[in-house]
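Colleague: Take a look at this one; I'll ask things after.
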Amino acid sequence: MVLALIIALPFLGVILPLLTERLGRSACSVAAGIAPLAALILLLSQQGGVFAGEVTRVKLEWLPALGLNLSLRLDGLGFLFALLILGIGILVIIYARYYLSKQEAAGRFYAFLLLFMGAMLGVVLSENLLLMLMFWELTSLSSFLLIGFWSARSDARKGARMALAITGGGGLALLAGVLLLGHIAGSFELSQVLAAGYAIRAHELYPVVLVLVLLGVFTKSAQFPFHFWLPHAMAAPTPVSAYLHSATMVKAGVFLLARLYPALAGSEWWFYLVSITGLITLLVGAGMALFQHDLKGLLAYSTISHLGLITLLFGLDTRLAAVAAVFHIINHATFKASLFMAAGIIDHETGSRDMRRINGMWKYMPHTALLAMVAASAMAGVPLLNGFLSKEMFFTETLNQHLLGSFNWVIPAAATLAGVFSVAYSLRFIHDVFFNGEPINLPKYPPHEPPRYMKVPVEILVFLCLLVGVVPAYTVAPLLAAAASASLGGNLPEYSLSIWHGLNLPLLMSVIALLGGILVYLCRQPLFRWYAGLPTLDASLLFERAMLGLVRGCARLTNWLEDGSLQRYQAFLLGSGLVVVAVGLAPLPQMSGSVALSPIDPITGLGMVMLALAAMTTVVFHRQRLVALLMLSVVGLLVALAFARYSAPDLALTQLSVEVVTIVLLMLALFFLPAQTRGESSSIRGLRDFILAIGCGVMVAMLVFAVLTRPYESISAFFLANSVSGGGGTNVVNVILVDFRGFDTLGEISVLAIAGVGIYAMLDGLRLVHPSTDAQGRSWARDRHPLILETLSRVLLPMALLISVFIFLRGHNLPGGGFIAGLVTAVALILQYVASGIVWTQQRLPMNYHRMAGAGVMVAGVTGLASFVFERPFLTSTFGHFNIPLIGEIELASAMLFDLGVYLTVVGATLLILANLGKLTQEKAGHEVV
Amino acid sequence: MEALFAVTLGILTASGVYLLLRARTFPVVMGLTLISYAVNLFLFAMGRLQTGAASVIGRSDVYGDPLPQALVLTAIVIGFAMTAFLVVLALRSVGETQTDHVDGRESA
């Protein structure tokens, strides 16, 4: 649990600086420091176990089905990184107290910083790779916030965006790589992935995994050709650069190299990809650093170069090289963070970062100058400083690889060349800034030493550089041993941490680098002139241009796909549906299956042909809307007949009554709409629609034929067997509706009621143009309520109601039931509206259809709930036989009450819809049409 | 018979789809109605086509599959509710935009 607390503390601590912001910067920074300090103490309490080589694991299941667990791990490598993150983090918090000005939102700054810190701790302490990936993305996000902290500045916004795009894109690649890795290893838990190294390398997907993971690593650690975001991220406040861009975030990439070393390293793929990328980055970074006039730019490129060095070491793929890499991670973090802080102090005190203007600072700030000079010497690899030790190890290792054959000399030679440049730019940092004459045209003049405590973090870091450089065996040795052995999976090679290894080749390389660096620096003027003559290649411009192009391309694609035409979208949908069905049907070896076809009986066949003809006639006459509507009703009636023919009397009855209300509804709508449709589709669109329609028709026909000619198994045997004994009814369809699947029916009648209410809401306040004549200019019939119809309908009403009661009552045992009875009642009532008008009907039948529909759903629901009273599950039904005088024995089931709910809902909703739509026709115009 | 039934359903679907792709609301509603007929018949046919086999216990020797019938029965009623909803939506759209074009504006 200590582990979880270490990660959680910075996240919890985010709130503290926000709360204390008003109390001033000092209080705010103290508040920000509490959580990291506590976490650091917790971390150090684990030191004994870690140095003894123990691995602490905590596991909490989160989404085990996805392999995502909240599992954490503390070993030497995680400990080292956590120590860097927390230790340097605290120093940066102190430093930022003096760096930020009074007007700046210190609370927000510290909150972002703590957010980042927690995310970074999560990356290094995760045992589960997916969990690590989440924290990895969180570091990208929080670094976006930190780089863009001065959000008013355009370069800050651009830099932040670029960093997010590059590292976030790399994160996506990493996600894919990790998913594959987990797939191969069978688990996302790090210990199992690391143990499966052999299987991973032998797997055919290994190169893919490696490339994807390395994309994540190289983007995060600013390796060539993804390095360009780092110099642009220098728009961040300097504490951020010191923290994220030297010590922690950019190290996340190389951390992953160290972490996954046992799983992924040990192949030629690894060697070539990692070492060559590292080598190029090392050289490009070192070379570019020399030519930067911006103080932070120099440090940024130098960081790129050092990250390349570390990557190269991992790529060399020997155990000693890995130890050297881990060692250099520690050293680089200490000297580079202190250098960034020193650069920040200089920027703060002079108002400029241009090395052509900041000269002779030795006179104005000797204390800071001394600190910066020691740190820069460590960067150059001067003996007695920590940078020298790891650089010597680096040189030694470059001599110990043999995979490039006769070109083996290239790596040590290139390493020495990079060493030359590194000495040269370090020298430039020292000489240009602190000596080299007088300052030129500074915004703040004269500069002076910064506040006392701003230098404390730098002093601590520089002191560490010295301490490690002079007595490595007594300081850094156990930490390095623990971290390196954790990275290597417990196999630590022999090595010695001492300053003097005798006169050997690496020492010679160091000497060459030192002398060569001095020489290059002396020749800097002609070099600068040559550099100025190079064509300028501004990565940010290229990046912006690429981004703009991408956005424009996306916009064009979106506009093409989404031009606001619903017809077009519909065509896309149908077309895609066609493709899906076609792909699904394609594997069938033949259309017809094993079931023999039944013979065509002439009457049914004729009905089918008429059905098809009626459908086609509907299309042919679709511009004459009334004709088309009449044909549509023919289709509906024939469908009802088809149901009746194929043993579904319930369906036939339902279809028949629904057909009536549907046509009434469409007639009503037609009153407000043009009677004709103009021909307006272009020929090409007509052709497209025709092809789509034929395609859909063919697909459906094929599907139906393929299904009907194949045998099938149904679960309906259960319903048939249990209908009488379990549901107390012989009409299985109705028993299914009100009993077996009663819950579905409850849902369906709710939908019906909701649709009714929705329609009522949409009609509310709707004003439509009332045509005073029909399309041909004839006025509406004078005799609005024909006498015969009126008289007949009044006679029909009681009969229809009686029939609906009959249908309702027998529904459980014979075709019928609540749905059908409801529809019959609705049709009978609508006939009254049609024949006698709305006003007349409503005076005599003052019913509130909303309430009726609502009551229906409630009755059905309450019937279901009543089962709870008898301690049965929802909607359990019961039934019994009763003897009613005159009618005889009748079976009453509780399901009948449920069916009553269905009945009420159907009547209520149907009339709610039709009566309200009908009402619309008589507003304003003063006469009814219905 | 199966082939004829399949072809009929195909024609029903094709007619519905063609109307669905029209530019005015009323043909679209009619198209949807046609498609819903086709879909209901399709679902119903998944229980196979049998004659003289109503699923009422004791009335015949064999019974048709009652489950698709129960599903289709509610589908018909809900289909009506949806058609009604669509029709009223179309009317509302005419009221708000003064056109019965599906896009809510006359196309250029």
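Following the order of the structure tokens, first chain is A, next is B, and so on, with residues numbered from 1 inside each chain and ligands from 1 in the order they appear.
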Show me, as a tab-separated table, the residues of segment 712-779 of chain A having an atom within 12 Å of segment 631-649 of chain A, each with the closest atom pair and its distance in Å, using only C-alpha atoms.

Modeller:
residue	atom	partner	partner_atom	distance
A:Asn731	CA	A:Pro649	CA	10.4
A:Val732	CA	A:Ala648	CA	11.1
A:Val733	CA	A:Ala648	CA	9.1
A:Asn734	CA	A:Pro649	CA	11.3

Colleague: Write a file of the selected residues as a CSV table (one decimal), in the first residue's frame, keeping all heavy atoms.

Modeller:
chain,number,residue,atom,x,y,z
A,731,ASN,N,-53.8,-20.0,-26.5
A,731,ASN,CA,-53.2,-19.1,-27.5
A,731,ASN,C,-51.8,-18.8,-27.2
A,731,ASN,O,-51.5,-17.8,-26.4
A,731,ASN,CB,-54.0,-17.9,-27.8
A,731,ASN,CG,-53.5,-17.0,-28.9
A,731,ASN,OD1,-52.5,-17.4,-29.6
A,731,ASN,ND2,-54.0,-15.8,-29.1
A,732,VAL,N,-50.8,-19.5,-27.7
A,732,VAL,CA,-49.4,-19.4,-27.3
A,732,VAL,C,-48.9,-18.0,-27.6
A,732,VAL,O,-48.1,-17.5,-26.8
A,732,VAL,CB,-48.6,-20.5,-28.0
A,732,VAL,CG1,-47.2,-20.5,-27.4
A,732,VAL,CG2,-49.2,-21.9,-27.8
A,733,VAL,N,-49.3,-17.4,-28.7
A,733,VAL,CA,-48.8,-16.1,-29.0
A,733,VAL,C,-49.1,-15.1,-27.9
A,733,VAL,O,-48.3,-14.3,-27.4
A,733,VAL,CB,-49.3,-15.6,-30.4
A,733,VAL,CG1,-48.8,-14.2,-30.7
A,733,VAL,CG2,-48.9,-16.5,-31.5
A,734,ASN,N,-50.4,-15.2,-27.5
A,734,ASN,CA,-50.8,-14.2,-26.5
A,734,ASN,C,-50.2,-14.6,-25.1
A,734,ASN,O,-49.8,-13.6,-24.4
A,734,ASN,CB,-52.3,-14.3,-26.3
A,734,ASN,CG,-52.8,-13.2,-25.3
A,734,ASN,OD1,-53.0,-13.5,-24.2
A,734,ASN,ND2,-53.0,-12.0,-25.8

Colleague: Env of Ala173 of chain A: 7 Å cut, atoms = only C-alpha atoms, seq-sep filter 3 positions within chain, self excluded. Answer as a PyMOL selection string.

Modeller: chain A and resi 169-170+176-177+212-213+215-216

Colleague: Distance atom CA of Gly918 of chain A-atom CA of Ser804 of chain A, one decimal place?

Modeller: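 Going from atom CA of Gly918 of chain A over to atom CA of Ser804 of chain A, I get 23.6 Å.
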
Colleague: Which one of A:Asp563, A:Asp774, A:Glu397, A:Glu790 sits closest to chain B if you count only C-alpha atoms?

Modeller: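 Comparing A:Asp563, A:Asp774, A:Glu397, A:Glu790 against chain B, the winner is A:Asp563.
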
Colleague: Would you give me, as an MDAnalysis selection string, the residues in segment 54-185 of chain A that DSSP reads as helix (DSSP H, G or I)?

Modeller: chainID A and resid 64:66 76:99 106:125 129:147 154:185

Colleague: Which residues are near Tyr63 of chain B? Cut-off 9 Å, only C-alpha atoms, ignore same chain within fewer than 5 positions. Put them as a ChimeraX atom specification.

Modeller: /A:647,720 /B:50,52-57

Colleague: Compile the contact shell of Leu125 of chain A as a PyMOL selection string: residues with an atom at most 12 Å away, counting only C-alpha atoms, same-chain residues fewer than 4 positions apart removed.

Modeller: chain A and resi 2-8+43+55-58+70-83+85+118-121+129+131-133+135-136+190+252+255-256+259

Colleague: Using only C-alpha atoms, can you tell me which of B:Leu86, B:Leu71, B:Leu12, B:Val7 comes closest to Ala669 of chain A?

Modeller: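 Using only C-alpha atoms, Ala669 of chain A sits closest to B:Leu86.
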